[in-house]
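First the structure, in the form of structure tokens, and then the observations on it.
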Amino acid sequence: MIRIAFSGSFKLVPIVSKCHKNFNRFYSANTHFDIIIVGGGLIGSTLACTLGKNSRLADKKILLLEAGKKKEFKLSQHYSNAVSSLNPGTYKLLNDIGVWSHINSVRFATVKGLQIWESNSEAMINFRSDNAQEDVAYIVENNVTLYGVYQELAKLDNVTVINEALISEFNLNSQKENNEVTLKNGPIYTCNLLLGCDGWKSQVRQKMGFHCVNWDYERMGVVATLELEEECDNSIAWQRFLPYGPIALLPLNSKHSSLVWSTSPQHAKDLLSMTDQDFVDILNGSLSGSPKRNYIVEEGTKAFDQVLNFLQVSSRKNRQFPPKIGKCQENSRAAFPLGFGHCTNYVMKGVALLGDAAHRVHPLAGQGVNLGFGDIACLNSILGEASYSGSNLGSILHLKEYESQRQRHNIPMMLAIEGLHRLYGTEFPPVVLLRSLGVQAFNALEPLKGFLRSQASL
Amino acid sequence: MNARKFIFAYLSRRSFATTDQSEVQFFNKFSSEWWDETGPLKPLHSFNKLRIPFIREGLIQNGSIDKNYINTSTILTGLKIIDVGCGGGILSEPLAKLGAKVTGLDMTDEALKVAKHHAKINNVHNVAYLKSSIEDYAIENEEKYDAVVASEVIEHVENKEEFIQACVKCIKPGGAIFITTISKTLVAEIFAIGVAEYIGVVPKGTHEIDKFIQPHDLQRILEKYGCQTKLIHGLRYSLLRNSWSWTTNTSINYGLYASKFM
């Protein structure tokens with residue numbers, strides 16, 4: 001269940017390629033669509049593409065509204081600091097809709113293993129997949145994924161994309177068959193189904209008026225693109241828990257890695273304002289510094305190790321050390337706020353929420369964006385079945401099924417992530433000892449690891 | 001926990017000359033709430049999630065469907081289907097949206113009004129609603145249809161043989177008939193009449209055990225009029241989740257699909 005990267009909530013994402021033709025539909029009298037998608041970020045655009053390619057939805061008209069400008073994608077030799085860790089489930093979705101071939105032709109990195117350890121004890125967890133079929137995750141720049149998605153979107157006649165679409169009003173009418181979306185510059189669009197993919201500050205969700213559990217972690221995620229001191233295989237994702245939050249290093253290629261460092265707002269501010277060299281020194285120190293010593297913890301973990309060794313299941317096999325960071329790419333440092341959000345309902349008649357509009361998690365497991373992609377795959381199959389049954393797409397009976405399937409998956413995942421965040425948020429020795437013992441036991445037990453890995457890759 | 005509210009809607013769709021008129025008015029008041037998916041007829045709406053795939057997959061298996069349309073939202077293109085006892089069109093309209101030319105038969109004016117109105121506002125053109133019993137309709141429409149659907153209807157019919165004979169008469173050789181109904185067992189009596197009417201999900205007097213029919217009896221009648229039964233499967237309704245599922249147990253509700261001999 002451990003994946004590192006940051007969730008889709010944060011849109012650093014600057015570059016969007018080739019948007020759409022059909023701009024003249026903008027002025028046409030025909031303003032009714034079967035589906036309107038609000039938000040053209042990773043989730044919204046992928047959703048539009050996935051639904052647009054579903055043969056069971058082929059006769060449905062889809063409109064994608066994006067507030068940002070249409071942007072051309074230019075591959076820079078520098079890596080973007082906005083990357084996501086895509087799990088095998090997301091890979092499958094992107095592959096099915098033809099987006100992966102574009103990503104493949106640009107660039108991505110494969111994560112073959114990961115190592116998680118902490119700053120208060122020696123305990124650690126590592127996964128390593130030697131089997132090519134079982135890649136742990138893929139690290140892809142968000143703008144590369146978007147480029148691929150928009151390439152495929154441009155091929156679809158049933159999907160219309162409108163950029164710079166600022167929405168002034170939603171009219172969600174649960175009595176009538178249609179919802180209305182009014183844009184600031186005039187046109188009113190109507191649809192049977194409105195899909196909110198507009199992030200954790202979702203306008204759609206606010207209009208739905210559902211209860212939403214929301215809090216701020218008072219932590220910032222500091223991101224940067226790093227150059228390693230030496231070239232290496234670099235196929236391992238590293239994550240070290242410090243008292244304020246984890247540092248994650250995600251491979252980009254043999255010489256570069258991407259950083260996500262969750263820490264206090266003050267510390268984040270300091271990290272952003274210092275020179276690149278000071279930043280690298282502090283980072284190296286935080287990654288490789290020896291653990292804080294505590295007698296109880298040390299003795300406890302050592303004793304438990306002896307027990308595990310006696311049982312011939314070692315908890316310390318394959319321990320590796322993270323690569324040393326050489327440089328920080330200029331102007332690649334940035335920070336974003338971290339928060340938790342959970343909406344008690346994802347749907348109402350004719351409306352559904354996906355991605356961060358419905359749920360927002362700490363980036364420590366790199367699951368945020370993957371939960372959103374999972375929402376897409378699920379909604380796609382349910383809407384396909386609804387259409388294949390002659391049902392109205394806005395039918396609450398089908399949407400409720402999406403909601404219950406996704407909540408059954410998302411909520412345990414969110415609770416687990418939240419649990420890890422809290423568990424590692426303390427330096428209180430008995431807690432440190434307990435979590436270390438847990439981690440040792442976990443690392444010793446291969447079947448348990450396999451189970452968790454399969455859970456996290458859905 | 002079966003025999004839901006859906007039954008009273010379907011009671012109103014008694015499209016048979018043999019129906020006795022007094023019960024019909026009893027359901028008219030529900031017409032305005034007919035199309036509310038979360039309203040009193042929600043079991044019928046949620047039943048669509050099961051019975052439409054049942055009909056669709058049955059027609060595929062029966063070879064009635066052009067392969068090019070499989071996995072598209074117009075899979076029933078070119079097929080002519082009768083929905084016997086169509087009520088407000090909860091089943092007819094989705095079948096029409098899938099491309100079939102649907103004829104909905106019902107005896108209740110109010111229900112037909114609801115059905116026609118809903119089809120009009122939703123731009124569903126390939127559905128026609130008629131006030132007729134299947135027995136009367138069959139006289140002029142021999143072997144004109146690819147399929148006949150009688151969902152939650154036959155449990156209100158007095159004369160089953162006449163009803164089935166009329167249904168089968170409308171079907172082209174090689175066509176199919178789909179029936180869902182309530183079985184004639186003690187459990188069905190307890191749930192469909194006792195429990196459902198006691199809780200109030202179905203008005204008192206909706207069902208009479210004498211009119212229920214067991215799967216093998218239905219199969220025998222179908223055989224007699226030239227249809228081979230291909231599938232019988234039990235149905236289960238969950239009141240709390242408002243959802244239907246298939247089960248091997250046919251003692252309460254069941255669905256049946258048969259094919260007319262060539």
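Every chain in the structure tokens takes a letter, A first, then B, and so on in the order presented; its residues are numbered from 1, and the ligands are numbered from 1 following the presented order.
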Please identify every residue of stretch 145-234 of chain B that has at least one atom no farther than 10 Å from an atom of stretch 82-93 of chain B, counting only C-alpha atoms, and for each give the shortest atom pair and the distance in Å to one decimal, arranged by chain then increasing number, as a tab-separated table.
```
residue	atom	partner	partner_atom	distance
B:Tyr145	CA	B:Ile82	CA	7.1
B:Asp146	CA	B:Ile82	CA	8.5
B:Ala147	CA	B:Ile82	CA	6.5
B:Val148	CA	B:Ile82	CA	4.7
B:Val149	CA	B:Asp83	CA	4.9
B:Ala150	CA	B:Val84	CA	5.1
B:Ser151	CA	B:Val84	CA	7.5
B:Glu152	CA	B:Gly85	CA	8.4
B:Val153	CA	B:Gly85	CA	6.4
B:Ile154	CA	B:Gly85	CA	9.3
B:Cys167	CA	B:Val84	CA	8.4
B:Cys170	CA	B:Ile82	CA	8.5
B:Ile171	CA	B:Ile82	CA	9.1
B:Ile177	CA	B:Ile82	CA	9.6
B:Phe178	CA	B:Asp83	CA	9.6
B:Ile179	CA	B:Val84	CA	9.9
```
Generate the output file for the selected residues, N, CA, C and O atoms, as a PDB file, in the first residue's frame.
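Produced file part_35.pdb, reproduced below:
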```pdb
ATOM      1  N   TYR B 145     -43.636 -10.101 -34.238  1.00  0.00           N
ATOM      2  CA  TYR B 145     -42.662  -9.586 -33.273  1.00  0.00           C
ATOM      3  C   TYR B 145     -41.485 -10.540 -33.026  1.00  0.00           C
ATOM      4  O   TYR B 145     -41.627 -11.754 -33.096  1.00  0.00           O
ATOM      5  N   ASP B 146     -40.328  -9.930 -32.728  1.00  0.00           N
ATOM      6  CA  ASP B 146     -39.144 -10.730 -32.413  1.00  0.00           C
ATOM      7  C   ASP B 146     -39.169 -11.226 -30.975  1.00  0.00           C
ATOM      8  O   ASP B 146     -38.558 -12.237 -30.656  1.00  0.00           O
ATOM      9  N   ALA B 147     -39.843 -10.451 -30.126  1.00  0.00           N
ATOM     10  CA  ALA B 147     -39.884 -10.864 -28.723  1.00  0.00           C
ATOM     11  C   ALA B 147     -41.109 -10.285 -28.032  1.00  0.00           C
ATOM     12  O   ALA B 147     -41.610  -9.225 -28.399  1.00  0.00           O
ATOM     13  N   VAL B 148     -41.575 -11.033 -27.019  1.00  0.00           N
ATOM     14  CA  VAL B 148     -42.629 -10.529 -26.139  1.00  0.00           C
ATOM     15  C   VAL B 148     -42.079 -10.568 -24.717  1.00  0.00           C
ATOM     16  O   VAL B 148     -41.446 -11.540 -24.313  1.00  0.00           O
ATOM     17  N   VAL B 149     -42.288  -9.470 -24.000  1.00  0.00           N
ATOM     18  CA  VAL B 149     -41.848  -9.406 -22.606  1.00  0.00           C
ATOM     19  C   VAL B 149     -43.081  -9.268 -21.733  1.00  0.00           C
ATOM     20  O   VAL B 149     -43.917  -8.398 -21.967  1.00  0.00           O
ATOM     21  N   ALA B 150     -43.208 -10.135 -20.745  1.00  0.00           N
ATOM     22  CA  ALA B 150     -44.301 -10.027 -19.775  1.00  0.00           C
ATOM     23  C   ALA B 150     -43.682 -10.044 -18.389  1.00  0.00           C
ATOM     24  O   ALA B 150     -43.474 -11.091 -17.800  1.00  0.00           O
ATOM     25  N   SER B 151     -43.353  -8.870 -17.919  1.00  0.00           N
ATOM     26  CA  SER B 151     -42.629  -8.786 -16.650  1.00  0.00           C
ATOM     27  C   SER B 151     -43.594  -8.399 -15.535  1.00  0.00           C
ATOM     28  O   SER B 151     -44.245  -7.359 -15.589  1.00  0.00           O
ATOM     29  N   GLU B 152     -43.698  -9.249 -14.554  1.00  0.00           N
ATOM     30  CA  GLU B 152     -44.568  -9.030 -13.392  1.00  0.00           C
ATOM     31  C   GLU B 152     -46.027  -8.812 -13.819  1.00  0.00           C
ATOM     32  O   GLU B 152     -46.670  -7.878 -13.375  1.00  0.00           O
ATOM     33  N   VAL B 153     -46.481  -9.649 -14.680  1.00  0.00           N
ATOM     34  CA  VAL B 153     -47.836  -9.510 -15.195  1.00  0.00           C
ATOM     35  C   VAL B 153     -48.653 -10.781 -14.973  1.00  0.00           C
ATOM     36  O   VAL B 153     -49.780 -10.742 -14.480  1.00  0.00           O
ATOM     37  N   ILE B 154     -48.041 -11.902 -15.284  1.00  0.00           N
ATOM     38  CA  ILE B 154     -48.820 -13.137 -15.353  1.00  0.00           C
ATOM     39  C   ILE B 154     -49.407 -13.551 -13.997  1.00  0.00           C
ATOM     40  O   ILE B 154     -50.407 -14.268 -13.939  1.00  0.00           O
ATOM     41  N   CYS B 167     -49.577 -14.406 -26.373  1.00  0.00           N
ATOM     42  CA  CYS B 167     -48.199 -13.882 -26.421  1.00  0.00           C
ATOM     43  C   CYS B 167     -47.418 -14.599 -27.522  1.00  0.00           C
ATOM     44  O   CYS B 167     -46.761 -13.971 -28.354  1.00  0.00           O
ATOM     45  N   CYS B 170     -48.021 -13.806 -31.238  1.00  0.00           N
ATOM     46  CA  CYS B 170     -47.434 -12.572 -31.796  1.00  0.00           C
ATOM     47  C   CYS B 170     -45.974 -12.751 -32.222  1.00  0.00           C
ATOM     48  O   CYS B 170     -45.425 -11.922 -32.951  1.00  0.00           O
ATOM     49  N   ILE B 171     -45.323 -13.799 -31.686  1.00  0.00           N
ATOM     50  CA  ILE B 171     -43.890 -13.948 -31.910  1.00  0.00           C
ATOM     51  C   ILE B 171     -43.592 -14.655 -33.227  1.00  0.00           C
ATOM     52  O   ILE B 171     -44.256 -15.647 -33.579  1.00  0.00           O
ATOM     53  N   ILE B 177     -39.595 -15.236 -25.786  1.00  0.00           N
ATOM     54  CA  ILE B 177     -40.512 -14.678 -24.795  1.00  0.00           C
ATOM     55  C   ILE B 177     -39.804 -14.609 -23.434  1.00  0.00           C
ATOM     56  O   ILE B 177     -39.082 -15.530 -23.056  1.00  0.00           O
ATOM     57  N   PHE B 178     -39.976 -13.479 -22.775  1.00  0.00           N
ATOM     58  CA  PHE B 178     -39.352 -13.275 -21.462  1.00  0.00           C
ATOM     59  C   PHE B 178     -40.444 -13.017 -20.435  1.00  0.00           C
ATOM     60  O   PHE B 178     -41.300 -12.165 -20.628  1.00  0.00           O
ATOM     61  N   ILE B 179     -40.391 -13.790 -19.364  1.00  0.00           N
ATOM     62  CA  ILE B 179     -41.415 -13.654 -18.323  1.00  0.00           C
ATOM     63  C   ILE B 179     -40.735 -13.530 -16.957  1.00  0.00           C
ATOM     64  O   ILE B 179     -39.805 -14.279 -16.660  1.00  0.00           O
TER      65      ILE B 179
END
```
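Using only C-alpha atoms, the chain A residues found within 7 Å of chain B amount to A:Ser55, A:Arg56, A:Leu57, A:Ser387, A:Tyr388, A:Ser389, A:Gly390, A:Ser391, A:Leu397.
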Residues just named, written with all heavy atoms as a short mmCIF file (atom, residue, chain, number, x, y, z; two decimals), in the first residue's frame:
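The file below, selection-v6.cif, is the result:
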```
data_model
loop_
_atom_site.label_atom_id
_atom_site.label_comp_id
_atom_site.auth_asym_id
_atom_site.auth_seq_id
_atom_site.Cartn_x
_atom_site.Cartn_y
_atom_site.Cartn_z
N SER A 55 -17.35 2.05 -26.20
CA SER A 55 -18.25 1.79 -27.34
C SER A 55 -19.72 1.84 -26.92
O SER A 55 -20.59 2.17 -27.70
CB SER A 55 -17.94 0.44 -27.97
OG SER A 55 -18.30 -0.60 -27.09
N ARG A 56 -19.98 1.53 -25.67
CA ARG A 56 -21.36 1.56 -25.19
C ARG A 56 -21.87 2.99 -25.00
O ARG A 56 -23.05 3.22 -24.78
CB ARG A 56 -21.47 0.81 -23.87
CG ARG A 56 -21.19 -0.67 -24.02
CD ARG A 56 -21.24 -1.39 -22.71
NE ARG A 56 -21.12 -2.82 -22.91
CZ ARG A 56 -21.27 -3.71 -21.95
NH1 ARG A 56 -21.53 -3.33 -20.73
NH2 ARG A 56 -21.16 -4.99 -22.22
N LEU A 57 -20.94 3.95 -25.03
CA LEU A 57 -21.33 5.36 -24.86
C LEU A 57 -21.07 6.14 -26.15
O LEU A 57 -21.05 7.37 -26.14
CB LEU A 57 -20.55 5.99 -23.70
CG LEU A 57 -20.78 5.40 -22.31
CD1 LEU A 57 -19.75 5.93 -21.32
CD2 LEU A 57 -22.18 5.71 -21.82
N SER A 387 -25.93 2.72 -20.04
CA SER A 387 -26.29 3.04 -21.42
C SER A 387 -26.68 1.78 -22.19
O SER A 387 -27.62 1.78 -22.98
CB SER A 387 -25.09 3.72 -22.09
OG SER A 387 -25.26 3.79 -23.46
N TYR A 388 -25.99 0.68 -21.89
CA TYR A 388 -26.24 -0.60 -22.55
C TYR A 388 -27.56 -1.19 -22.07
O TYR A 388 -28.05 -2.17 -22.61
CB TYR A 388 -25.08 -1.54 -22.24
CG TYR A 388 -24.89 -2.72 -23.18
CD1 TYR A 388 -25.15 -2.61 -24.54
CD2 TYR A 388 -24.41 -3.93 -22.69
CE1 TYR A 388 -24.94 -3.69 -25.39
CE2 TYR A 388 -24.19 -5.01 -23.53
CZ TYR A 388 -24.47 -4.89 -24.88
OH TYR A 388 -24.27 -5.95 -25.72
N SER A 389 -28.13 -0.59 -21.03
CA SER A 389 -29.43 -1.04 -20.54
C SER A 389 -30.51 -0.02 -20.86
O SER A 389 -31.60 -0.07 -20.29
CB SER A 389 -29.40 -1.26 -19.03
OG SER A 389 -28.43 -2.21 -18.68
N GLY A 390 -30.18 0.94 -21.72
CA GLY A 390 -31.17 1.94 -22.12
C GLY A 390 -31.57 2.88 -21.00
O GLY A 390 -32.62 3.52 -21.05
N SER A 391 -30.73 2.95 -19.98
CA SER A 391 -31.06 3.76 -18.81
C SER A 391 -30.60 5.19 -19.01
O SER A 391 -29.70 5.46 -19.81
CB SER A 391 -30.36 3.13 -17.62
OG SER A 391 -30.86 3.62 -16.44
N LEU A 397 -29.87 5.28 -9.54
CA LEU A 397 -29.65 3.86 -9.22
C LEU A 397 -28.28 3.41 -9.67
O LEU A 397 -27.60 2.65 -8.98
CB LEU A 397 -30.72 3.00 -9.89
CG LEU A 397 -32.16 3.29 -9.44
CD1 LEU A 397 -33.14 2.50 -10.27
CD2 LEU A 397 -32.32 2.97 -7.96
#
```
List as a PDB file with all heavy atoms, in the first residue's frame the protein and nucleic acid residues near B:Lys224, meaning an atom at most 12 Å away when only C-alpha atoms are counted, but skip any in the same chain fewer than 4 places from it.
```pdb
ATOM      1  N   GLU B 161     -53.334 -19.921 -19.771  1.00  0.00           N
ATOM      2  CA  GLU B 161     -53.145 -20.578 -21.068  1.00  0.00           C
ATOM      3  C   GLU B 161     -53.485 -19.633 -22.212  1.00  0.00           C
ATOM      4  O   GLU B 161     -52.745 -19.501 -23.176  1.00  0.00           O
ATOM      5  CB  GLU B 161     -54.013 -21.848 -21.146  1.00  0.00           C
ATOM      6  CG  GLU B 161     -53.609 -22.892 -20.119  1.00  0.00           C
ATOM      7  CD  GLU B 161     -53.444 -24.274 -20.746  1.00  0.00           C
ATOM      8  OE1 GLU B 161     -53.713 -24.419 -21.957  1.00  0.00           O
ATOM      9  OE2 GLU B 161     -53.048 -25.206 -20.013  1.00  0.00           O
ATOM     10  N   GLU B 162     -54.612 -18.949 -22.050  1.00  0.00           N
ATOM     11  CA  GLU B 162     -55.049 -18.016 -23.073  1.00  0.00           C
ATOM     12  C   GLU B 162     -54.021 -16.894 -23.243  1.00  0.00           C
ATOM     13  O   GLU B 162     -53.711 -16.477 -24.358  1.00  0.00           O
ATOM     14  CB  GLU B 162     -56.383 -17.396 -22.631  1.00  0.00           C
ATOM     15  CG  GLU B 162     -57.418 -17.270 -23.713  1.00  0.00           C
ATOM     16  CD  GLU B 162     -58.746 -16.857 -23.097  1.00  0.00           C
ATOM     17  OE1 GLU B 162     -58.911 -15.657 -22.800  1.00  0.00           O
ATOM     18  OE2 GLU B 162     -59.601 -17.751 -22.878  1.00  0.00           O
ATOM     19  N   ILE B 164     -50.738 -16.923 -22.484  1.00  0.00           N
ATOM     20  CA  ILE B 164     -49.492 -17.394 -23.098  1.00  0.00           C
ATOM     21  C   ILE B 164     -49.699 -17.657 -24.587  1.00  0.00           C
ATOM     22  O   ILE B 164     -48.887 -17.281 -25.421  1.00  0.00           O
ATOM     23  CB  ILE B 164     -48.994 -18.701 -22.409  1.00  0.00           C
ATOM     24  CG1 ILE B 164     -48.607 -18.436 -20.954  1.00  0.00           C
ATOM     25  CG2 ILE B 164     -47.831 -19.317 -23.183  1.00  0.00           C
ATOM     26  CD1 ILE B 164     -47.341 -17.665 -20.747  1.00  0.00           C
ATOM     27  N   GLN B 165     -50.833 -18.236 -24.882  1.00  0.00           N
ATOM     28  CA  GLN B 165     -51.133 -18.538 -26.290  1.00  0.00           C
ATOM     29  C   GLN B 165     -51.121 -17.262 -27.119  1.00  0.00           C
ATOM     30  O   GLN B 165     -50.550 -17.212 -28.206  1.00  0.00           O
ATOM     31  CB  GLN B 165     -52.507 -19.221 -26.385  1.00  0.00           C
ATOM     32  CG  GLN B 165     -52.815 -19.700 -27.783  1.00  0.00           C
ATOM     33  CD  GLN B 165     -54.215 -20.305 -27.902  1.00  0.00           C
ATOM     34  OE1 GLN B 165     -55.074 -20.119 -27.031  1.00  0.00           O
ATOM     35  NE2 GLN B 165     -54.441 -21.058 -28.963  1.00  0.00           N
ATOM     36  N   VAL B 168     -47.499 -15.919 -27.488  1.00  0.00           N
ATOM     37  CA  VAL B 168     -46.698 -16.722 -28.406  1.00  0.00           C
ATOM     38  C   VAL B 168     -47.147 -16.504 -29.853  1.00  0.00           C
ATOM     39  O   VAL B 168     -46.325 -16.487 -30.768  1.00  0.00           O
ATOM     40  CB  VAL B 168     -46.791 -18.228 -28.031  1.00  0.00           C
ATOM     41  CG1 VAL B 168     -46.079 -19.088 -29.071  1.00  0.00           C
ATOM     42  CG2 VAL B 168     -46.201 -18.461 -26.644  1.00  0.00           C
ATOM     43  N   ASP B 217     -44.960 -25.259 -14.182  1.00  0.00           N
ATOM     44  CA  ASP B 217     -46.287 -25.136 -14.809  1.00  0.00           C
ATOM     45  C   ASP B 217     -46.230 -24.177 -15.987  1.00  0.00           C
ATOM     46  O   ASP B 217     -46.819 -24.425 -17.041  1.00  0.00           O
ATOM     47  CB  ASP B 217     -47.311 -24.629 -13.783  1.00  0.00           C
ATOM     48  CG  ASP B 217     -47.662 -25.709 -12.765  1.00  0.00           C
ATOM     49  OD1 ASP B 217     -47.618 -26.894 -13.157  1.00  0.00           O
ATOM     50  OD2 ASP B 217     -47.938 -25.380 -11.602  1.00  0.00           O
ATOM     51  N   LEU B 218     -45.505 -23.098 -15.772  1.00  0.00           N
ATOM     52  CA  LEU B 218     -45.353 -22.109 -16.839  1.00  0.00           C
ATOM     53  C   LEU B 218     -44.627 -22.733 -18.030  1.00  0.00           C
ATOM     54  O   LEU B 218     -45.007 -22.559 -19.190  1.00  0.00           O
ATOM     55  CB  LEU B 218     -44.551 -20.920 -16.288  1.00  0.00           C
ATOM     56  CG  LEU B 218     -44.528 -19.640 -17.099  1.00  0.00           C
ATOM     57  CD1 LEU B 218     -45.944 -19.199 -17.450  1.00  0.00           C
ATOM     58  CD2 LEU B 218     -43.821 -18.550 -16.322  1.00  0.00           C
ATOM     59  N   GLN B 219     -43.611 -23.509 -17.697  1.00  0.00           N
ATOM     60  CA  GLN B 219     -42.818 -24.179 -18.726  1.00  0.00           C
ATOM     61  C   GLN B 219     -43.699 -25.137 -19.549  1.00  0.00           C
ATOM     62  O   GLN B 219     -43.580 -25.203 -20.764  1.00  0.00           O
ATOM     63  CB  GLN B 219     -41.701 -24.955 -18.024  1.00  0.00           C
ATOM     64  CG  GLN B 219     -40.607 -25.420 -18.938  1.00  0.00           C
ATOM     65  CD  GLN B 219     -39.492 -26.116 -18.167  1.00  0.00           C
ATOM     66  OE1 GLN B 219     -39.422 -26.056 -16.937  1.00  0.00           O
ATOM     67  NE2 GLN B 219     -38.604 -26.770 -18.884  1.00  0.00           N
ATOM     68  N   ARG B 220     -44.584 -25.823 -18.831  1.00  0.00           N
ATOM     69  CA  ARG B 220     -45.470 -26.774 -19.496  1.00  0.00           C
ATOM     70  C   ARG B 220     -46.408 -26.053 -20.478  1.00  0.00           C
ATOM     71  O   ARG B 220     -46.596 -26.476 -21.615  1.00  0.00           O
ATOM     72  CB  ARG B 220     -46.290 -27.533 -18.432  1.00  0.00           C
ATOM     73  CG  ARG B 220     -47.217 -28.600 -18.976  1.00  0.00           C
ATOM     74  CD  ARG B 220     -48.039 -29.252 -17.859  1.00  0.00           C
ATOM     75  NE  ARG B 220     -48.678 -28.284 -16.957  1.00  0.00           N
ATOM     76  CZ  ARG B 220     -49.750 -27.564 -17.290  1.00  0.00           C
ATOM     77  NH1 ARG B 220     -50.323 -27.702 -18.462  1.00  0.00           N
ATOM     78  NH2 ARG B 220     -50.274 -26.725 -16.408  1.00  0.00           N
ATOM     79  N   GLN B 228     -39.759 -23.448 -26.394  1.00  0.00           N
ATOM     80  CA  GLN B 228     -38.836 -24.229 -25.594  1.00  0.00           C
ATOM     81  C   GLN B 228     -38.192 -23.327 -24.552  1.00  0.00           C
ATOM     82  O   GLN B 228     -37.585 -22.300 -24.896  1.00  0.00           O
ATOM     83  CB  GLN B 228     -37.767 -24.833 -26.488  1.00  0.00           C
ATOM     84  CG  GLN B 228     -36.897 -25.812 -25.719  1.00  0.00           C
ATOM     85  CD  GLN B 228     -35.672 -26.218 -26.501  1.00  0.00           C
ATOM     86  OE1 GLN B 228     -35.422 -25.730 -27.601  1.00  0.00           O
ATOM     87  NE2 GLN B 228     -34.889 -27.110 -25.923  1.00  0.00           N
ATOM     88  N   THR B 229     -38.317 -23.706 -23.282  1.00  0.00           N
ATOM     89  CA  THR B 229     -37.745 -22.883 -22.217  1.00  0.00           C
ATOM     90  C   THR B 229     -36.230 -23.049 -22.205  1.00  0.00           C
ATOM     91  O   THR B 229     -35.712 -24.169 -22.190  1.00  0.00           O
ATOM     92  CB  THR B 229     -38.341 -23.289 -20.855  1.00  0.00           C
ATOM     93  OG1 THR B 229     -39.751 -23.089 -20.935  1.00  0.00           O
ATOM     94  CG2 THR B 229     -37.782 -22.453 -19.730  1.00  0.00           C
ATOM     95  N   LYS B 260     -39.368 -19.569 -29.362  1.00  0.00           N
ATOM     96  CA  LYS B 260     -40.446 -20.194 -30.134  1.00  0.00           C
ATOM     97  C   LYS B 260     -39.854 -21.089 -31.218  1.00  0.00           C
ATOM     98  O   LYS B 260     -38.926 -20.687 -31.916  1.00  0.00           O
ATOM     99  CB  LYS B 260     -41.314 -19.111 -30.781  1.00  0.00           C
ATOM    100  CG  LYS B 260     -42.551 -19.656 -31.474  1.00  0.00           C
ATOM    101  CD  LYS B 260     -43.466 -18.520 -31.905  1.00  0.00           C
ATOM    102  CE  LYS B 260     -44.642 -19.021 -32.720  1.00  0.00           C
ATOM    103  NZ  LYS B 260     -45.560 -17.929 -33.065  1.00  0.00           N
ATOM    104  N   PHE B 261     -40.417 -22.285 -31.335  1.00  0.00           N
ATOM    105  CA  PHE B 261     -39.898 -23.228 -32.336  1.00  0.00           C
ATOM    106  C   PHE B 261     -39.974 -22.624 -33.723  1.00  0.00           C
ATOM    107  O   PHE B 261     -40.920 -21.910 -34.052  1.00  0.00           O
ATOM    108  CB  PHE B 261     -40.707 -24.539 -32.304  1.00  0.00           C
ATOM    109  CG  PHE B 261     -40.517 -25.313 -31.036  1.00  0.00           C
ATOM    110  CD1 PHE B 261     -41.620 -25.661 -30.250  1.00  0.00           C
ATOM    111  CD2 PHE B 261     -39.242 -25.696 -30.615  1.00  0.00           C
ATOM    112  CE1 PHE B 261     -41.452 -26.377 -29.081  1.00  0.00           C
ATOM    113  CE2 PHE B 261     -39.083 -26.421 -29.438  1.00  0.00           C
ATOM    114  CZ  PHE B 261     -40.186 -26.747 -28.671  1.00  0.00           C
TER     115      PHE B 261
END
```
Taking a cut-off of 12 Å and counting only C-alpha atoms, can you build a table that, for each residue of stretch 173-266 of chain A near stretch 82-86 of chain A, reports the nearest atom pair and how far apart they are in Å (one decimal), sorted by chain then residue number, as a Markdown table?
```
| residue | atom | partner | partner_atom | distance |
| --- | --- | --- | --- | --- |
| A:Gly221 | CA | A:Ala82 | CA | 11.3 |
| A:Val222 | CA | A:Ala82 | CA | 10.7 |
| A:Val223 | CA | A:Ala82 | CA | 7.6 |
| A:Ala224 | CA | A:Ala82 | CA | 8.4 |
| A:Thr225 | CA | A:Ala82 | CA | 9.0 |
| A:Ala237 | CA | A:Ser85 | CA | 9.7 |
| A:Ala248 | CA | A:Ser85 | CA | 11.2 |
| A:Leu249 | CA | A:Ser85 | CA | 11.0 |
| A:Leu250 | CA | A:Ser85 | CA | 8.2 |
| A:Pro251 | CA | A:Ser85 | CA | 9.9 |
| A:Leu252 | CA | A:Val83 | CA | 9.2 |
| A:Ser257 | CA | A:Val83 | CA | 10.3 |
| A:Ser258 | CA | A:Val83 | CA | 7.5 |
| A:Leu259 | CA | A:Val83 | CA | 9.3 |
| A:Val260 | CA | A:Val83 | CA | 9.4 |
```
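Of the residues listed (B:Leu59, B:Arg236, B:Gly255, B:Thr77), B:Leu59 shows the shortest atom-to-atom separation from B:Gly174; distances use only C-alpha atoms.
Of the residues under consideration (A:Ile97, A:Ala58, A:Leu228, A:Ala444), A:Leu228 shows the shortest atom-to-atom contact distance to A:Lys324 when counting only C-alpha atoms.
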6 Å contact set for stretch 420-436 of chain A, only C-alpha atoms, chain neighbours under 4 positions out, as a PyMOL selection string: chain A and resi 123+243+297
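Of the residues under consideration (B:Leu239, B:Ala138, B:Ala258, B:Ala176), B:Ala258 shows the shortest atom-to-atom contact distance to B:Glu223 when counting only C-alpha atoms.
In this comparison, which uses only C-alpha atoms, the residue of B:Val157, B:Ile139, B:Leu79, B:Leu105 approaching B:Asn126 most closely is B:Leu79.
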If you count only C-alpha atoms, which residues fall within 8 Å of A:Gly199, apart from same-chain ones fewer than 4 positions away, as a PyMOL selection string? chain A and resi 9+39+355-357
